Amino acid sequence: MSGSRTGRPPVRRTVRAPAARQPRENLAVRIYIRVRKAWDRPLTAYYLILGGSLLITVLGLVMVYSASQITALQMSLGGSYFFRKQMLAAVIGAVLLYVASRMPVKLHRALAYPIIAGAVFLMALVQVPGIGVAVNGNQNWIALGGSFQLQPSEFGKLALVLWGADLLARKQDKNLLAQWKHMLVPLVPVAFMLLGLIMLGGDMGTAIILTAILFGLLWLAGAPTRLFVGVLAVAAVLGTILIQSSANRLDRFRCIGATEMGPDGSCWQAVHGIYALASGGLFGSGLGASVEKWGQLPEAHTDFIFAVTGEELGLAGTLSVLALFAALGYAGIRVAGGSEDPFVRYAAGGVTTWITAQAVINIGAVLGLLPIAGVPLPLFSYGGSALLPTMFAIGLLIAFARDEPAARAALAMRQPRFGRKRGAGGPTGPRRWNTMRRRATARSSGER
């Protein structure tokens, strides 16, 4: 009985061996997992579209102010003249973006026909003498009075997206898209009518964007390869004829990849755009310190604003702009691919094709990889006529991203962080607002 006061045998204590250290998970793997989880959240596309578009617009306003000062002073205007006009357009565009993001899908579909009818009417007015105005050799503008002008062809892009998406959605509901006639008619004839009205004014760049939107809609509708080849062949033949018939367009094609100007001063804009990018270095010369905008680079605040961005903000600035457009394009593709509504799929795909194709054409021209098409960088370059319909189209994408079932559920679950007392009636219970005042504890009925 020794060794125990209670008379019980002593308990043998087992000594546990120290646990083997688990190898730490790789930091890169953990970061990848977290980013992947955040990327797969239902509101990722919504935040990418909203945040990316706003960042592009704000950065564009800064660069418009920097790139347009010298041009404005050379025109005997105030240094902030173009910036103030762009700021006004951005404010109006923000209102349009908010309205479009709050409109239901049915209302967007109802607006398709009025918008395309208005766009066709305005594009026809451009060709009326005394109403249409020519800018840089292209008669695609309408004078609104004072210094304000309107380019109806920019609204033709939005019109084709909405009307084409509604048309294809209705035909898909009736199972008519399996027949190539219903897929092409009347989508292709109406698109060619818009292209004809644009080409009457000589605007080849906008016509290319409109053609890209048409191809994007046909691709989303499931057009067979042979049909694509046929339409592309017709577009290539027409494009070749139009290029061969204009010496200005031929010169633009000859300037692809040019690094030196010709003896007659040809490729001046393309070469000085390369000079601006090359002198920017890694982090640029500083905001407002561009040299090329001092009269050497034409259209520094419009078509070639990306070159000034590269000169002042360097490679870091240009890569940031590219990353924002890539994020916006990915979010648009995600919205189009994740929706079961055919109208949403076609409209989101059309808007994404429009913005992505225009950004690629503009940046490719500045880099010398594509001919100079004369199209602005979406949401970034100066021009209210281009900014307003583009911001409305961004509002469309935001509305579609919010309308996804998972996104709706995530937005519905969001509750205010402050002011709601936890555990008081549950999510459907009455709200009780917290204050800094201490509440007196309940006393017995005999006390006052």
# chains A, B, ... in the order shown; residues from 1 in each chain; ligands from 1

$ residues_around --residues "Leu238 of chain A" --least-positions-apart "6" --cutoff "12 Å" --atoms "only C-alpha atoms" --output "count of residues only"
12

$ residues_around --residues "Val99 of chain A" --least-positions-apart "2" --cutoff "12 Å" --atoms "only C-alpha atoms" --output "list in words"
Ile92, Gly93, Ala94, Val95, Leu96, Leu97, Ser101, Arg102, Met103, Pro104, Leu107, His108, Met391, Phe392, Ala393, Ile394, Gly395, Leu396, Ile398 and Ala399 of chain A

$ write_last_selection --atoms "N, CA, C and O atoms" --output "PDB file, in the first residue's frame"
ATOM      1  N   ILE A  92     -21.814  64.948 -65.684  1.00  0.00           N
ATOM      2  CA  ILE A  92     -23.040  64.480 -66.363  1.00  0.00           C
ATOM      3  C   ILE A  92     -22.965  62.975 -66.599  1.00  0.00           C
ATOM      4  O   ILE A  92     -23.952  62.248 -66.425  1.00  0.00           O
ATOM      5  N   GLY A  93     -21.781  62.490 -66.987  1.00  0.00           N
ATOM      6  CA  GLY A  93     -21.618  61.059 -67.200  1.00  0.00           C
ATOM      7  C   GLY A  93     -21.805  60.263 -65.923  1.00  0.00           C
ATOM      8  O   GLY A  93     -22.344  59.146 -65.950  1.00  0.00           O
ATOM      9  N   ALA A  94     -21.371  60.815 -64.778  1.00  0.00           N
ATOM     10  CA  ALA A  94     -21.570  60.123 -63.499  1.00  0.00           C
ATOM     11  C   ALA A  94     -23.055  59.988 -63.181  1.00  0.00           C
ATOM     12  O   ALA A  94     -23.503  58.960 -62.650  1.00  0.00           O
ATOM     13  N   VAL A  95     -23.824  61.020 -63.510  1.00  0.00           N
ATOM     14  CA  VAL A  95     -25.279  60.935 -63.312  1.00  0.00           C
ATOM     15  C   VAL A  95     -25.872  59.861 -64.215  1.00  0.00           C
ATOM     16  O   VAL A  95     -26.710  59.055 -63.784  1.00  0.00           O
ATOM     17  N   LEU A  96     -25.435  59.830 -65.482  1.00  0.00           N
ATOM     18  CA  LEU A  96     -25.921  58.801 -66.396  1.00  0.00           C
ATOM     19  C   LEU A  96     -25.522  57.407 -65.921  1.00  0.00           C
ATOM     20  O   LEU A  96     -26.303  56.451 -66.022  1.00  0.00           O
ATOM     21  N   LEU A  97     -24.302  57.284 -65.412  1.00  0.00           N
ATOM     22  CA  LEU A  97     -23.851  55.989 -64.895  1.00  0.00           C
ATOM     23  C   LEU A  97     -24.729  55.535 -63.733  1.00  0.00           C
ATOM     24  O   LEU A  97     -25.136  54.362 -63.666  1.00  0.00           O
ATOM     25  N   SER A 101     -27.192  52.334 -63.793  1.00  0.00           N
ATOM     26  CA  SER A 101     -26.929  51.237 -62.858  1.00  0.00           C
ATOM     27  C   SER A 101     -28.145  50.897 -62.010  1.00  0.00           C
ATOM     28  O   SER A 101     -28.221  49.797 -61.456  1.00  0.00           O
ATOM     29  N   ARG A 102     -29.093  51.826 -61.890  1.00  0.00           N
ATOM     30  CA  ARG A 102     -30.289  51.586 -61.084  1.00  0.00           C
ATOM     31  C   ARG A 102     -31.503  51.196 -61.923  1.00  0.00           C
ATOM     32  O   ARG A 102     -32.548  50.842 -61.352  1.00  0.00           O
ATOM     33  N   MET A 103     -31.391  51.282 -63.219  1.00  0.00           N
ATOM     34  CA  MET A 103     -32.522  50.939 -64.080  1.00  0.00           C
ATOM     35  C   MET A 103     -32.672  49.431 -64.196  1.00  0.00           C
ATOM     36  O   MET A 103     -31.679  48.711 -64.291  1.00  0.00           O
ATOM     37  N   PRO A 104     -33.896  48.915 -64.213  1.00  0.00           N
ATOM     38  CA  PRO A 104     -34.091  47.479 -64.411  1.00  0.00           C
ATOM     39  C   PRO A 104     -33.794  47.082 -65.849  1.00  0.00           C
ATOM     40  O   PRO A 104     -33.760  47.918 -66.764  1.00  0.00           O
ATOM     41  N   LEU A 107     -36.335  48.078 -68.575  1.00  0.00           N
ATOM     42  CA  LEU A 107     -36.283  49.461 -69.036  1.00  0.00           C
ATOM     43  C   LEU A 107     -35.135  49.669 -70.011  1.00  0.00           C
ATOM     44  O   LEU A 107     -35.266  50.429 -70.991  1.00  0.00           O
ATOM     45  N   HIS A 108     -33.997  48.998 -69.785  1.00  0.00           N
ATOM     46  CA  HIS A 108     -32.897  49.072 -70.748  1.00  0.00           C
ATOM     47  C   HIS A 108     -33.333  48.539 -72.109  1.00  0.00           C
ATOM     48  O   HIS A 108     -32.988  49.118 -73.147  1.00  0.00           O
ATOM     49  N   MET A 391     -19.834  56.097 -70.241  1.00  0.00           N
ATOM     50  CA  MET A 391     -20.202  55.987 -68.836  1.00  0.00           C
ATOM     51  C   MET A 391     -21.596  55.396 -68.677  1.00  0.00           C
ATOM     52  O   MET A 391     -21.867  54.668 -67.704  1.00  0.00           O
ATOM     53  N   PHE A 392     -22.492  55.671 -69.593  1.00  0.00           N
ATOM     54  CA  PHE A 392     -23.805  55.008 -69.555  1.00  0.00           C
ATOM     55  C   PHE A 392     -23.635  53.506 -69.756  1.00  0.00           C
ATOM     56  O   PHE A 392     -24.319  52.703 -69.099  1.00  0.00           O
ATOM     57  N   ALA A 393     -22.741  53.118 -70.662  1.00  0.00           N
ATOM     58  CA  ALA A 393     -22.489  51.695 -70.888  1.00  0.00           C
ATOM     59  C   ALA A 393     -21.870  51.041 -69.650  1.00  0.00           C
ATOM     60  O   ALA A 393     -22.180  49.888 -69.323  1.00  0.00           O
ATOM     61  N   ILE A 394     -20.990  51.767 -68.951  1.00  0.00           N
ATOM     62  CA  ILE A 394     -20.445  51.240 -67.693  1.00  0.00           C
ATOM     63  C   ILE A 394     -21.564  51.056 -66.672  1.00  0.00           C
ATOM     64  O   ILE A 394     -21.581  50.073 -65.908  1.00  0.00           O
ATOM     65  N   GLY A 395     -22.517  51.981 -66.642  1.00  0.00           N
ATOM     66  CA  GLY A 395     -23.671  51.812 -65.766  1.00  0.00           C
ATOM     67  C   GLY A 395     -24.461  50.561 -66.102  1.00  0.00           C
ATOM     68  O   GLY A 395     -25.003  49.892 -65.203  1.00  0.00           O
ATOM     69  N   LEU A 396     -24.546  50.239 -67.391  1.00  0.00           N
ATOM     70  CA  LEU A 396     -25.188  48.979 -67.793  1.00  0.00           C
ATOM     71  C   LEU A 396     -24.479  47.785 -67.165  1.00  0.00           C
ATOM     72  O   LEU A 396     -25.125  46.891 -66.593  1.00  0.00           O
ATOM     73  N   ILE A 398     -22.623  47.699 -64.532  1.00  0.00           N
ATOM     74  CA  ILE A 398     -22.829  47.688 -63.081  1.00  0.00           C
ATOM     75  C   ILE A 398     -24.211  47.137 -62.738  1.00  0.00           C
ATOM     76  O   ILE A 398     -24.378  46.340 -61.805  1.00  0.00           O
ATOM     77  N   ALA A 399     -25.221  47.549 -63.500  1.00  0.00           N
ATOM     78  CA  ALA A 399     -26.573  47.035 -63.259  1.00  0.00           C
ATOM     79  C   ALA A 399     -26.629  45.534 -63.474  1.00  0.00           C
ATOM     80  O   ALA A 399     -27.266  44.807 -62.697  1.00  0.00           O
TER      81      ALA A 399
END

$ atom_distance --atom1 "atom CA of Ile115 of chain A" --atom2 "atom CA of Ser153 of chain A"
12.1 Å

$ select_by_dssp --residues "segment 64-163 of chain A" --states "alpha helix (DSSP H)" --output "ChimeraX atom specification"
/A:64-74,81-102,105-110,112-125,152-163

$ select_by_dssp --residues "segment 15-138 of chain A" --states "strand (DSSP E)" --output "NGL selection string"
:A and (132-135 or 138)

$ write_last_selection --atoms "N, CA, C and O atoms" --output "compact mmCIF listing (two decimals), in the first residue's frame"
# COMPACT_ATOMS: atom_id res chain seq x y z
N GLY A 132 -24.04 69.97 -89.95
CA GLY A 132 -22.84 69.19 -89.69
C GLY A 132 -21.59 70.05 -89.69
O GLY A 132 -21.49 71.04 -90.43
N VAL A 133 -20.64 69.67 -88.86
CA VAL A 133 -19.38 70.40 -88.71
C VAL A 133 -18.24 69.43 -88.96
O VAL A 133 -18.26 68.29 -88.48
N ALA A 134 -17.24 69.87 -89.72
CA ALA A 134 -16.06 69.05 -90.02
C ALA A 134 -14.95 69.38 -89.02
O ALA A 134 -14.65 70.55 -88.78
N VAL A 135 -14.35 68.35 -88.44
CA VAL A 135 -13.22 68.51 -87.52
C VAL A 135 -12.12 67.56 -87.98
O VAL A 135 -12.34 66.35 -88.09
N ASN A 138 -12.94 65.21 -90.88
CA ASN A 138 -14.07 64.30 -90.73
C ASN A 138 -15.31 65.09 -90.34
O ASN A 138 -15.33 65.79 -89.32

$ residues_around --residues "Ile131 of chain A" --least-positions-apart "5" --cutoff "10 Å" --atoms "only C-alpha atoms" --output "list in words"
Leu125, Val126, Trp141, Ile142, Ala143 and Leu144 of chain A

$ closest_residue --among "A:Gly202, A:Gly310, A:Gly164, A:Gly383" --to "Pro189 of chain A" --atoms "only C-alpha atoms"
A:Gly164

$ closest_residue --among "A:Ile355, A:Met63, A:Val344, A:Ala406" --to "Leu168 of chain A" --atoms "only C-alpha atoms"
A:Val344

$ atom_distance --atom1 "atom CA of Leu367 of chain A" --atom2 "atom CA of Ala278 of chain A"
10.2 Å

$ residues_around --residues "Tyr65 of chain A" --least-positions-apart "3" --cutoff "10 Å" --atoms "only C-alpha atoms" --output "PyMOL selection string"
chain A and resi 59-62+68-70+79-84+86-87+288+301+382

$ closest_residue --among "A:Val91, A:Val291, A:Ile372, A:Leu377" --to "Arg249 of chain A" --atoms "only C-alpha atoms"
A:Ile372

$ atom_distance --atom1 "atom CA of Val360 of chain A" --atom2 "atom CA of Lys85 of chain A"
25.6 Å

$ closest_residue --among "A:Ala28, A:Gly201, A:Met183, A:Val188" --to "Ala223 of chain A" --atoms "only C-alpha atoms"
A:Met183

$ closest_residue --among "A:Arg334, A:Arg109, A:Arg402, A:Lys157" --to "Leu210 of chain A" --atoms "only C-alpha atoms"
A:Lys157
